[in-house]
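S.K.: Just so it is clear, I am handing over work_27.csv, which has CSV, C-alpha atoms.
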chain,number,residue,atom,x,y,z
A,1,MET,CA,0.0,0.0,0.0
A,2,LYS,CA,2.8,2.4,0.9
A,3,LYS,CA,4.6,1.6,-2.3
A,4,THR,CA,1.4,2.3,-4.3
A,5,ILE,CA,1.0,5.7,-2.6
A,6,THR,CA,4.6,6.6,-3.3
A,7,LEU,CA,4.2,5.7,-6.9
A,8,ILE,CA,1.0,7.7,-7.3
A,9,SER,CA,2.7,10.7,-5.6
A,10,THR,CA,5.7,10.4,-8.0
A,11,MET,CA,3.4,10.3,-11.0
A,12,PHE,CA,1.5,13.3,-9.7
A,13,ALA,CA,4.7,15.3,-9.2
A,14,CYS,CA,5.8,14.5,-12.7
A,15,MET,CA,2.4,15.6,-14.1
A,16,VAL,CA,2.7,18.9,-12.2
A,17,MET,CA,6.2,19.4,-13.4
A,18,GLN,CA,5.1,18.8,-17.0
A,19,ALA,CA,2.2,21.1,-16.6
A,20,GLN,CA,4.5,23.9,-15.4
A,21,THR,CA,7.1,23.5,-18.3
A,22,THR,CA,4.5,23.3,-21.1
A,23,LEU,CA,1.7,25.9,-20.8
A,24,THR,CA,-1.2,27.3,-22.8
A,25,ILE,CA,-2.3,30.6,-21.4
A,26,GLU,CA,-5.1,33.0,-22.4
A,27,THR,CA,-4.2,36.6,-21.6
A,28,THR,CA,-5.1,40.2,-22.3
A,29,PRO,CA,-2.8,43.1,-23.2
A,30,GLY,CA,-0.4,43.9,-20.3
A,31,GLU,CA,-1.6,41.2,-18.0
A,32,LEU,CA,0.6,38.2,-18.8
A,33,LYS,CA,2.7,38.8,-15.7
A,34,ASN,CA,-0.4,38.7,-13.6
A,35,VAL,CA,-2.0,35.5,-15.0
A,36,MET,CA,1.2,33.4,-14.6
A,37,THR,CA,2.2,32.0,-11.2
A,38,GLN,CA,5.7,32.5,-9.9
A,39,GLU,CA,6.4,28.8,-10.4
A,40,GLN,CA,5.2,29.0,-14.0
A,41,ILE,CA,7.4,32.0,-14.6
A,42,GLN,CA,10.4,30.2,-13.3
A,43,SER,CA,9.9,26.9,-15.0
A,44,VAL,CA,8.0,27.3,-18.3
A,45,GLU,CA,9.8,26.1,-21.4
A,46,ASP,CA,7.1,25.7,-24.1
A,47,LEU,CA,4.5,28.4,-24.0
A,48,THR,CA,1.4,28.8,-26.2
A,49,LEU,CA,-0.5,32.1,-25.9
A,50,THR,CA,-4.0,33.2,-27.0
A,51,GLY,CA,-5.9,36.4,-26.5
A,52,GLY,CA,-4.0,39.7,-26.7
A,53,MET,CA,-0.6,41.2,-25.9
A,54,ASN,CA,1.2,44.5,-25.8
A,55,LYS,CA,4.8,45.8,-25.6
A,56,GLU,CA,4.9,45.2,-21.9
A,57,ASP,CA,4.1,41.5,-22.4
A,58,PHE,CA,6.9,41.0,-24.9
A,59,TYR,CA,9.5,42.5,-22.6
A,60,PHE,CA,8.2,40.4,-19.7
A,61,ILE,CA,8.7,37.3,-21.9
A,62,ARG,CA,12.2,38.3,-22.9
A,63,ASP,CA,13.4,39.3,-19.4
A,64,GLN,CA,11.5,37.1,-17.0
A,65,LEU,CA,10.9,33.7,-18.6
A,66,VAL,CA,14.4,32.6,-18.3
A,67,LYS,CA,13.9,28.9,-19.1
A,68,LEU,CA,11.7,29.5,-22.2
A,69,LYS,CA,12.7,27.5,-25.2
A,70,SER,CA,9.7,27.9,-27.6
A,71,ILE,CA,6.8,30.3,-27.9
A,72,ASP,CA,3.7,30.0,-30.1
A,73,MET,CA,1.8,33.3,-30.6
A,74,LYS,CA,-0.2,32.3,-33.7
A,75,GLN,CA,-3.6,33.1,-32.1
A,76,ILE,CA,-2.5,36.2,-30.3
A,77,GLU,CA,-4.0,39.5,-31.4
A,78,VAL,CA,-1.2,42.1,-31.6
A,79,ASP,CA,-0.2,44.5,-34.4
A,80,THR,CA,3.6,45.0,-33.7
A,81,ILE,CA,6.6,43.0,-32.5
A,82,PRO,CA,8.3,45.9,-30.6
A,83,VAL,CA,12.0,47.0,-30.6
A,84,LYS,CA,14.3,44.3,-29.3
A,85,ALA,CA,11.3,42.1,-28.3
A,86,PHE,CA,13.4,38.9,-28.3
A,87,PHE,CA,16.9,40.5,-28.2
A,88,ASP,CA,19.6,38.1,-27.1
A,89,LYS,CA,16.9,35.4,-26.3
A,90,GLU,CA,18.0,31.8,-26.8
A,91,LEU,CA,15.0,30.0,-28.2
A,92,ARG,CA,14.4,26.9,-30.3
A,93,SER,CA,11.4,28.4,-32.1
A,94,ILE,CA,9.1,31.5,-32.3
A,95,VAL,CA,5.7,31.2,-34.0
A,96,LEU,CA,4.6,34.7,-35.0
A,97,PRO,CA,1.0,35.9,-34.7
A,98,ILE,CA,-1.1,35.3,-37.8
A,99,HIS,CA,-2.2,38.9,-38.0
A,100,ILE,CA,1.0,40.6,-37.2
A,101,LYS,CA,1.4,43.9,-39.2
A,102,TYR,CA,4.8,45.3,-38.3
A,103,ILE,CA,8.2,44.1,-36.9
A,104,ASP,CA,10.3,46.9,-35.3
A,105,GLU,CA,14.0,47.5,-35.1
A,106,ASP,CA,16.2,44.6,-33.8
A,107,ALA,CA,13.2,42.6,-32.8
A,108,PHE,CA,15.1,39.3,-33.3
A,109,GLU,CA,18.7,40.6,-33.0
A,110,ASN,CA,21.0,37.9,-31.5
A,111,THR,CA,18.0,35.6,-31.3
A,112,SER,CA,18.7,31.9,-31.9
A,113,GLY,CA,16.2,29.4,-33.2
A,114,LYS,CA,13.7,29.3,-36.0
A,115,ILE,CA,11.1,32.0,-36.6
A,116,TYR,CA,7.9,30.8,-38.3
A,117,LEU,CA,5.6,33.1,-40.3
A,118,THR,CA,2.0,32.0,-40.2
A,119,GLY,CA,0.2,34.9,-42.0
A,120,LEU,CA,0.9,37.7,-44.4
A,121,TYR,CA,4.4,39.0,-44.6
A,122,PRO,CA,4.4,42.0,-42.3
A,123,LYS,CA,5.9,45.5,-42.8
A,124,ARG,CA,9.3,45.7,-41.2
A,125,ALA,CA,12.1,47.9,-40.1
A,126,ALA,CA,15.3,47.7,-42.1
A,127,TYR,CA,17.2,45.7,-39.5
A,128,ILE,CA,15.1,43.3,-37.4
A,129,GLY,CA,17.9,40.7,-36.8
A,130,ARG,CA,20.0,38.5,-39.0
A,131,THR,CA,17.4,35.8,-39.5
A,132,ALA,CA,15.3,34.5,-42.3
A,133,PHE,CA,11.6,33.6,-41.8
A,134,ILE,CA,10.4,30.1,-42.2
A,135,LEU,CA,6.9,29.6,-43.6
A,136,SER,CA,4.8,27.5,-41.4
A,137,ASP,CA,3.2,24.4,-43.0
A,138,ASP,CA,-0.2,26.0,-42.8
A,139,ASN,CA,0.7,29.4,-44.2
A,140,THR,CA,-1.5,30.0,-47.2
A,141,TYR,CA,-0.6,33.7,-47.6
A,142,CYS,CA,3.0,33.3,-48.8
A,143,LYS,CA,5.2,31.0,-50.7
A,144,GLU,CA,9.0,30.3,-50.8
A,145,THR,CA,11.2,29.7,-53.8
A,146,GLU,CA,15.0,29.5,-54.1
A,147,ASN,CA,15.0,33.2,-54.6
A,148,GLY,CA,13.0,34.4,-51.6
A,149,ILE,CA,9.6,34.7,-50.0
A,150,PHE,CA,6.7,35.9,-52.2
A,151,SER,CA,3.0,36.4,-51.9
A,152,SER,CA,1.1,33.2,-52.6
A,153,ASP,CA,0.3,34.4,-56.2
A,154,GLY,CA,4.0,35.3,-56.8
A,155,LYS,CA,3.2,38.9,-57.6
A,156,THR,CA,5.0,40.4,-54.7
A,157,LEU,CA,8.6,39.8,-53.5
A,158,TYR,CA,8.8,40.4,-49.7
A,159,GLU,CA,12.3,39.0,-48.9
A,160,ALA,CA,15.1,38.1,-51.3
A,161,PHE,CA,17.5,35.5,-50.1
A,162,GLN,CA,21.2,36.3,-49.9
A,163,ASN,CA,22.5,35.1,-53.2
A,164,HIS,CA,24.9,36.6,-55.8
A,165,GLU,CA,22.8,35.6,-58.7
A,166,LEU,CA,19.0,35.9,-58.6
A,167,TYR,CA,16.8,35.3,-61.6
A,168,PHE,CA,13.2,36.3,-61.0
A,169,GLU,CA,10.3,34.7,-63.0
A,170,GLU,CA,7.6,36.3,-65.0
A,171,GLY,CA,4.6,37.3,-62.9
A,172,LEU,CA,6.5,39.3,-60.3
A,173,GLU,CA,5.0,42.8,-60.2
A,174,THR,CA,6.1,44.4,-56.9
A,175,ILE,CA,9.3,44.5,-54.9
A,176,GLU,CA,8.4,45.4,-51.3
A,177,THR,CA,10.2,47.7,-48.9
A,178,TYR,CA,13.5,46.2,-47.6
A,179,ALA,CA,13.2,43.2,-49.8
A,180,PHE,CA,17.0,43.5,-50.4
A,181,VAL,CA,18.9,44.5,-47.2
A,182,ASP,CA,22.7,44.2,-47.1
A,183,SER,CA,22.5,42.1,-50.3
A,184,TYR,CA,25.7,41.4,-52.3
A,185,LEU,CA,24.6,42.0,-55.9
A,186,TYR,CA,26.4,40.3,-58.8
A,187,ASP,CA,23.7,39.3,-61.3
A,188,TYR,CA,20.1,40.2,-60.6
A,189,ARG,CA,17.5,39.8,-63.4
A,190,PHE,CA,14.0,41.1,-63.1
A,191,PRO,CA,11.1,40.1,-65.4
A,192,GLU,CA,9.1,42.1,-67.9
A,193,SER,CA,6.1,41.9,-65.6
A,194,LEU,CA,7.8,44.1,-62.9
A,195,LYS,CA,5.8,47.3,-62.3
A,196,LEU,CA,6.7,48.7,-58.9
A,197,ILE,CA,9.8,49.0,-56.8
A,198,LYS,CA,8.8,50.4,-53.4
A,199,GLU,CA,10.8,52.7,-51.1
A,200,HIS,CA,14.0,51.3,-49.8
A,201,ALA,CA,13.5,48.1,-51.7
A,202,PHE,CA,17.3,47.9,-52.2
A,203,TYR,CA,18.8,49.0,-48.9
A,204,ASN,CA,22.5,49.1,-48.3
A,205,THR,CA,23.1,47.0,-51.4
A,206,PHE,CA,26.7,46.0,-52.1
A,207,TRP,CA,28.0,45.6,-55.6
A,208,ASP,CA,29.9,42.4,-55.6
A,209,PHE,CA,32.9,43.3,-57.8
A,210,PRO,CA,35.1,40.2,-58.3
A,211,ILE,CA,38.3,40.2,-56.3
A,212,GLY,CA,39.7,36.9,-57.7
A,213,GLY,CA,38.7,33.6,-59.1
A,214,PHE,CA,36.4,32.9,-62.0
A,215,TYR,CA,33.2,34.8,-62.7
A,216,PRO,CA,31.1,34.3,-65.9
A,217,TYR,CA,30.8,38.0,-66.4
A,218,PRO,CA,33.1,40.9,-65.6
A,219,ASP,CA,30.7,43.3,-63.9
A,220,PRO,CA,27.8,43.0,-61.4
A,221,THR,CA,24.7,44.1,-63.1
A,222,ILE,CA,20.9,44.6,-62.7
A,223,ILE,CA,19.0,43.5,-65.7
A,224,MET,CA,15.5,44.9,-66.2
A,225,LYS,CA,13.4,43.1,-68.9
A,226,ALA,CA,10.4,45.5,-68.4
A,227,LYS,CA,10.0,47.8,-71.5
A,228,VAL,CA,8.1,50.2,-69.3
A,229,PRO,CA,10.3,51.4,-66.5
A,230,PRO,CA,8.9,50.2,-63.1
A,231,ILE,CA,7.6,52.9,-60.8
A,232,LEU,CA,10.0,53.8,-58.0
A,233,GLY,CA,9.2,54.5,-54.5
A,234,GLU,CA,11.2,57.1,-52.6
A,235,ASN,CA,14.9,56.1,-52.2
A,236,ALA,CA,14.2,52.8,-53.9
A,237,PHE,CA,18.0,52.3,-54.3
A,238,VAL,CA,20.1,52.9,-51.3
A,239,MET,CA,23.6,51.6,-52.2
A,240,SER,CA,26.4,51.0,-49.8
A,241,ASP,CA,29.1,52.2,-52.3
A,242,SER,CA,29.6,55.6,-53.7
A,243,TYR,CA,30.3,54.8,-57.4
A,244,SER,CA,29.1,57.5,-59.8
A,245,GLU,CA,27.2,55.0,-62.0
A,246,TYR,CA,26.0,51.5,-61.5
A,247,PRO,CA,25.5,49.0,-64.4
A,248,LEU,CA,21.9,48.5,-65.6
A,249,SER,CA,20.8,46.7,-68.7
A,250,VAL,CA,17.4,47.3,-70.3
A,251,PRO,CA,15.5,46.1,-73.4
A,252,LYS,CA,16.5,47.4,-76.8
A,253,GLY,CA,15.2,50.8,-77.5
A,254,CYS,CA,14.3,51.6,-73.8
A,255,VAL,CA,17.4,53.4,-72.6
A,256,GLU,CA,15.9,56.9,-72.9
A,257,SER,CA,12.6,55.7,-71.4
A,258,TYR,CA,14.5,54.7,-68.2
A,259,ARG,CA,16.6,57.8,-68.1
A,260,ASN,CA,13.5,60.0,-68.4
A,261,ALA,CA,11.2,58.0,-66.2
A,262,ASP,CA,12.5,58.9,-62.7
A,263,PRO,CA,15.6,60.8,-61.5
A,264,GLN,CA,16.6,57.7,-59.4
A,265,TRP,CA,17.4,55.8,-62.6
A,266,LYS,CA,20.2,58.3,-63.2
A,267,ILE,CA,22.5,56.6,-60.7
A,268,PHE,CA,22.8,53.8,-63.3
A,269,ARG,CA,24.9,53.5,-66.4
A,270,ILE,CA,22.1,52.3,-68.6
A,271,ARG,CA,22.7,50.2,-71.7
A,272,GLU,CA,20.7,47.9,-74.0
A,273,GLY,CA,20.9,44.2,-73.7
A,274,ASP,CA,20.0,41.2,-71.6
A,275,GLN,CA,23.5,40.3,-70.3
A,276,PRO,CA,25.7,41.9,-67.6
A,277,GLN,CA,27.8,44.8,-68.6
A,278,GLY,CA,31.5,45.3,-68.6
A,279,ILE,CA,34.2,44.9,-71.1
A,280,ASP,CA,32.6,43.3,-74.2
A,281,SER,CA,34.8,40.2,-74.1
A,282,VAL,CA,37.8,38.7,-72.5
A,283,SER,CA,39.8,36.9,-75.2
A,284,SER,CA,42.8,34.6,-74.9
A,285,PRO,CA,45.7,37.0,-75.2
A,286,ASN,CA,48.3,36.8,-78.0
A,287,LEU,CA,50.9,38.1,-75.6
A,288,SER,CA,52.8,37.1,-72.5
A,289,ILE,CA,52.3,38.8,-69.1
A,290,THR,CA,55.0,38.9,-66.4
A,291,ARG,CA,55.4,40.8,-63.2
A,292,SER,CA,58.3,43.1,-62.4
A,293,GLY,CA,58.2,44.8,-59.0
A,294,ASN,CA,54.9,46.7,-58.9
A,295,SER,CA,54.2,46.5,-62.6
A,296,TRP,CA,52.7,44.2,-65.2
A,297,ILE,CA,54.9,43.8,-68.3
A,298,LEU,CA,53.0,42.9,-71.5
A,299,ASN,CA,55.0,41.4,-74.4
A,300,GLY,CA,53.0,41.2,-77.6
A,301,GLU,CA,53.7,39.4,-80.9
A,302,LYS,CA,53.2,42.7,-82.7
A,303,ASN,CA,53.4,46.4,-82.0
A,304,ILE,CA,51.1,47.8,-79.4
A,305,SER,CA,49.9,51.3,-80.2
A,306,LYS,CA,47.6,52.0,-77.1
A,307,ILE,CA,46.5,50.4,-73.8
A,308,GLU,CA,43.4,51.4,-71.8
A,309,VAL,CA,42.9,49.9,-68.3
A,310,PHE,CA,39.3,49.8,-66.9
A,311,ASN,CA,38.0,49.1,-63.5
A,312,THR,CA,35.1,46.7,-62.9
A,313,ILE,CA,32.4,49.3,-63.6
A,314,GLY,CA,34.0,50.3,-66.9
A,315,VAL,CA,35.8,53.5,-65.9
A,316,ILE,CA,39.2,54.1,-67.5
A,317,ILE,CA,41.8,54.4,-64.8
A,318,PHE,CA,45.0,54.3,-66.9
A,319,SER,CA,45.8,54.9,-70.5
A,320,THR,CA,49.0,55.1,-72.4
A,321,LYS,CA,50.1,55.4,-76.1
A,322,CYS,CA,53.1,53.6,-77.4
A,323,ASN,CA,54.6,51.9,-80.4
A,324,ASP,CA,56.4,48.9,-79.1
A,325,THR,CA,55.8,45.2,-78.5
A,326,GLN,CA,56.4,45.7,-74.7
A,327,VAL,CA,54.4,47.9,-72.4
A,328,GLU,CA,54.4,48.4,-68.7
A,329,ILE,CA,51.3,48.9,-66.6
A,330,PRO,CA,52.0,50.2,-63.0
A,331,MET,CA,50.0,48.2,-60.4
A,332,GLU,CA,49.6,51.2,-58.0
A,333,LYS,CA,47.3,52.7,-60.6
A,334,THR,CA,44.9,49.8,-60.5
A,335,GLY,CA,42.5,47.9,-58.3
A,336,GLU,CA,42.6,44.2,-57.4
A,337,VAL,CA,40.9,43.3,-60.7
A,338,VAL,CA,41.1,45.3,-63.9
A,339,TYR,CA,40.6,44.8,-67.6
A,340,ALA,CA,43.1,46.0,-70.2
A,341,ARG,CA,42.1,46.7,-73.8
A,342,ILE,CA,45.1,46.5,-76.1
A,343,LEU,CA,45.0,48.3,-79.5
A,344,TYR,CA,47.6,46.9,-81.9
A,345,ALA,CA,49.2,48.9,-84.7
A,346,ASP,CA,47.2,46.9,-87.2
A,347,ASN,CA,44.0,48.2,-85.6
A,348,THR,CA,43.1,44.8,-84.0
A,349,THR,CA,42.2,44.8,-80.3
A,350,GLU,CA,42.4,42.4,-77.5
A,351,VAL,CA,41.0,42.4,-73.9
A,352,ILE,CA,42.7,40.7,-70.9
A,353,LYS,CA,41.8,40.4,-67.3
A,354,LEU,CA,44.5,41.3,-64.7
A,355,ILE,CA,44.4,40.2,-61.1
A,356,LYS,CA,46.9,41.4,-58.5
Translate the structure of the given file into structure tokens.
M.R.:
Amino acid sequence: MKKTITLISTMFACMVMQAQTTLTIETTPGELKNVMTQEQIQSVEDLTLTGGMNKEDFYFIRDQLVKLKSIDMKQIEVDTIPVKAFFDKELRSIVLPIHIKYIDEDAFENTSGKIYLTGLYPKRAAYIGRTAFILSDDNTYCKETENGIFSSDGKTLYEAFQNHELYFEEGLETIETYAFVDSYLYDYRFPESLKLIKEHAFYNTFWDFPIGGFYPYPDPTIIMKAKVPPILGENAFVMSDSYSEYPLSVPKGCVESYRNADPQWKIFRIREGDQPQGIDSVSSPNLSITRSGNSWILNGEKNISKIEVFNTIGVIIFSTKCNDTQVEIPMEKTGEVVYARILYADNTTEVIKLIK
């Protein structure tokens, strides 16, 4: 009898412990701290919330629920995830409210774990934390492809994944605010169906100029296939670099349309074509190249009359006329990667790539 009582007591204690570590709580805005017992606050690991929340509740969760590992807020009614709501919080998973409308600065900064999006993609601050959302299995509002997160019909791009090369399919019409944040652009291609690029869509975008190794094209480039220039929101392109012109390729006959459509297009060097820009070709050189100190020495099979050296966005940084089979190019006048166009005395040309 005594053993039976002891066994029952042990089972009851385990049930109580389980009940305290896994909780489902209904709350109202600002009242979460009052509806939880002290024991629950100290022991809860998996928390499901329903009802309503406000900023105070988020900070209570962040600072007081020290053992929390996962939180499910899908059925919570709240508009905003506040500033630093889960800052530095080590969690396995966060399930966002289905009706969330805005995510504020650094909401998930230094937050570990997976963040599940259950509803529409919300508006957001530029920097919410270095994390990508995962679509929940029951999310019918969005879809994910290898390029990013889109509306379910594919017409709106909410979040572009970090990739040097992104080719977007026909049907995309709108690029949302902060779709590209801290992106390293090398070859981005947008379809003819694109109509609108919202404010700050490209925010702190880096142009990924090659520093070494093999790239299929010499320049990073945005390629627009739309014959009618997409409408631009305010500060649609916020670049991290300060180059005078960025490469942009547009359909044949559309250069002037883009130049005249919106002043923001003027930051681009606009050309026709559907391939990335740069030096037209990089041929196999009919000359030998050696290094001597801080210079390249070019030895040709025939007389060289002129050499022009371009940086990776097509700007001439060094030029010299000559009449010799040997020419010196000083390295201090070049970047890590440059392209040299050699004009021979017989009016033939050749382009080579030089890497320090």
S.K.: (3.3, 45.7, -33.1) in this file's frame - what residues fall within 9 Å of it? Use only C-alpha atoms and give the answer as a list in words.
M.R.: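 So the residues meeting the distance criterion are Asn54, Lys55, Val78, Asp79, Thr80, Ile81, Pro82, Ile100, Lys101, Tyr102, Ile103 and Asp104 of chain A.
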S.K.: How many Å separate CA of Tyr121 (chain A) from CA of Ala261 (chain A)?
M.R.: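 Pair CA of Tyr121 (chain A) / CA of Ala261 (chain A) returns 29.6 Å.
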S.K.: Write out as a ChimeraX atom specification which residues come within 8 Å of Leu298 (chain A) when counting only C-alpha atoms, dropping same-chain ones fewer than 4 positions away.
M.R.: /A:287-290,325-329
S.K.: Any idea what's packed within 12 Å of Trp265 (chain A), counting only C-alpha atoms, ignoring anything in its chain fewer than 4 positions away? Could you give it as a ChimeraX atom specification?
M.R.: /A:197,222,224,229-238,245-250,255-261,269-271
S.K.: Keeping C-alpha atoms for every residue in the selection just given, could you write it to a file as an mmCIF file, keeping the file's coordinate frame?
M.R.:
data_model
loop_
_atom_site.group_PDB
_atom_site.id
_atom_site.type_symbol
_atom_site.label_atom_id
_atom_site.label_comp_id
_atom_site.auth_asym_id
_atom_site.auth_seq_id
_atom_site.Cartn_x
_atom_site.Cartn_y
_atom_site.Cartn_z
ATOM 1 C CA ILE A 197 9.800 49.000 -56.800
ATOM 2 C CA ILE A 222 20.900 44.600 -62.700
ATOM 3 C CA MET A 224 15.500 44.900 -66.200
ATOM 4 C CA PRO A 229 10.300 51.400 -66.500
ATOM 5 C CA PRO A 230 8.900 50.200 -63.100
ATOM 6 C CA ILE A 231 7.600 52.900 -60.800
ATOM 7 C CA LEU A 232 10.000 53.800 -58.000
ATOM 8 C CA GLY A 233 9.200 54.500 -54.500
ATOM 9 C CA GLU A 234 11.200 57.100 -52.600
ATOM 10 C CA ASN A 235 14.900 56.100 -52.200
ATOM 11 C CA ALA A 236 14.200 52.800 -53.900
ATOM 12 C CA PHE A 237 18.000 52.300 -54.300
ATOM 13 C CA VAL A 238 20.100 52.900 -51.300
ATOM 14 C CA GLU A 245 27.200 55.000 -62.000
ATOM 15 C CA TYR A 246 26.000 51.500 -61.500
ATOM 16 C CA PRO A 247 25.500 49.000 -64.400
ATOM 17 C CA LEU A 248 21.900 48.500 -65.600
ATOM 18 C CA SER A 249 20.800 46.700 -68.700
ATOM 19 C CA VAL A 250 17.400 47.300 -70.300
ATOM 20 C CA VAL A 255 17.400 53.400 -72.600
ATOM 21 C CA GLU A 256 15.900 56.900 -72.900
ATOM 22 C CA SER A 257 12.600 55.700 -71.400
ATOM 23 C CA TYR A 258 14.500 54.700 -68.200
ATOM 24 C CA ARG A 259 16.600 57.800 -68.100
ATOM 25 C CA ASN A 260 13.500 60.000 -68.400
ATOM 26 C CA ALA A 261 11.200 58.000 -66.200
ATOM 27 C CA ARG A 269 24.900 53.500 -66.400
ATOM 28 C CA ILE A 270 22.100 52.300 -68.600
ATOM 29 C CA ARG A 271 22.700 50.200 -71.700
#
S.K.: When you draw a straight line from CA of Lys195 (chain A) to CA of Leu157 (chain A), how long is it in Å?
M.R.: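 Interatomic distance, CA of Lys195 (chain A) to CA of Leu157 (chain A): 11.9 Å.
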S.K.: Quick one, how far is CA of Ser305 (chain A) from CA of Asn347 (chain A)?
M.R.: 8.6 Å
S.K.: When distances are computed from all atoms listed in the file, which of A:Tyr158, A:Leu120, A:Ile128, A:Val351 shows the smallest separation from Thr140 (chain A)?
M.R.: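 Of the candidates, the smallest distance to Thr140 (chain A) is held by A:Leu120.
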S.K.: Counting all atoms listed in the file, which of A:Pro97, A:Gly30, A:Gly253, A:Gly154 gets nearest to Leu49 (chain A)?
M.R.: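 Between A:Pro97, A:Gly30, A:Gly253, A:Gly154, the residue approaching Leu49 (chain A) most closely is A:Pro97.
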S.K.: Return the single residue from A:Cys254, A:Ile25, A:Ile149, A:Leu354 that is closest to Tyr339 (chain A), with distances computed using only C-alpha atoms.
M.R.: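 For Tyr339 (chain A), the nearest of the given residues is A:Leu354.
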S.K.: Show me, as a PyMOL selection string, the residues that have an atom within 6 Å of Leu91 (chain A) when counting all atoms listed in the file, minus same-chain residues fewer than 6 positions from it.
M.R.: chain A and resi 69-70+112-113
S.K.: Would you mind exporting the chosen residues as a compact mmCIF listing (two decimals), in the coordinates of the input, restricted to C-alpha atoms?
M.R.:
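Contents of again.txt, freshly written:
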# COMPACT_ATOMS: atom_id res chain seq x y z
CA LYS A 69 12.70 27.50 -25.20
CA SER A 70 9.70 27.90 -27.60
CA SER A 112 18.70 31.90 -31.90
CA GLY A 113 16.20 29.40 -33.20
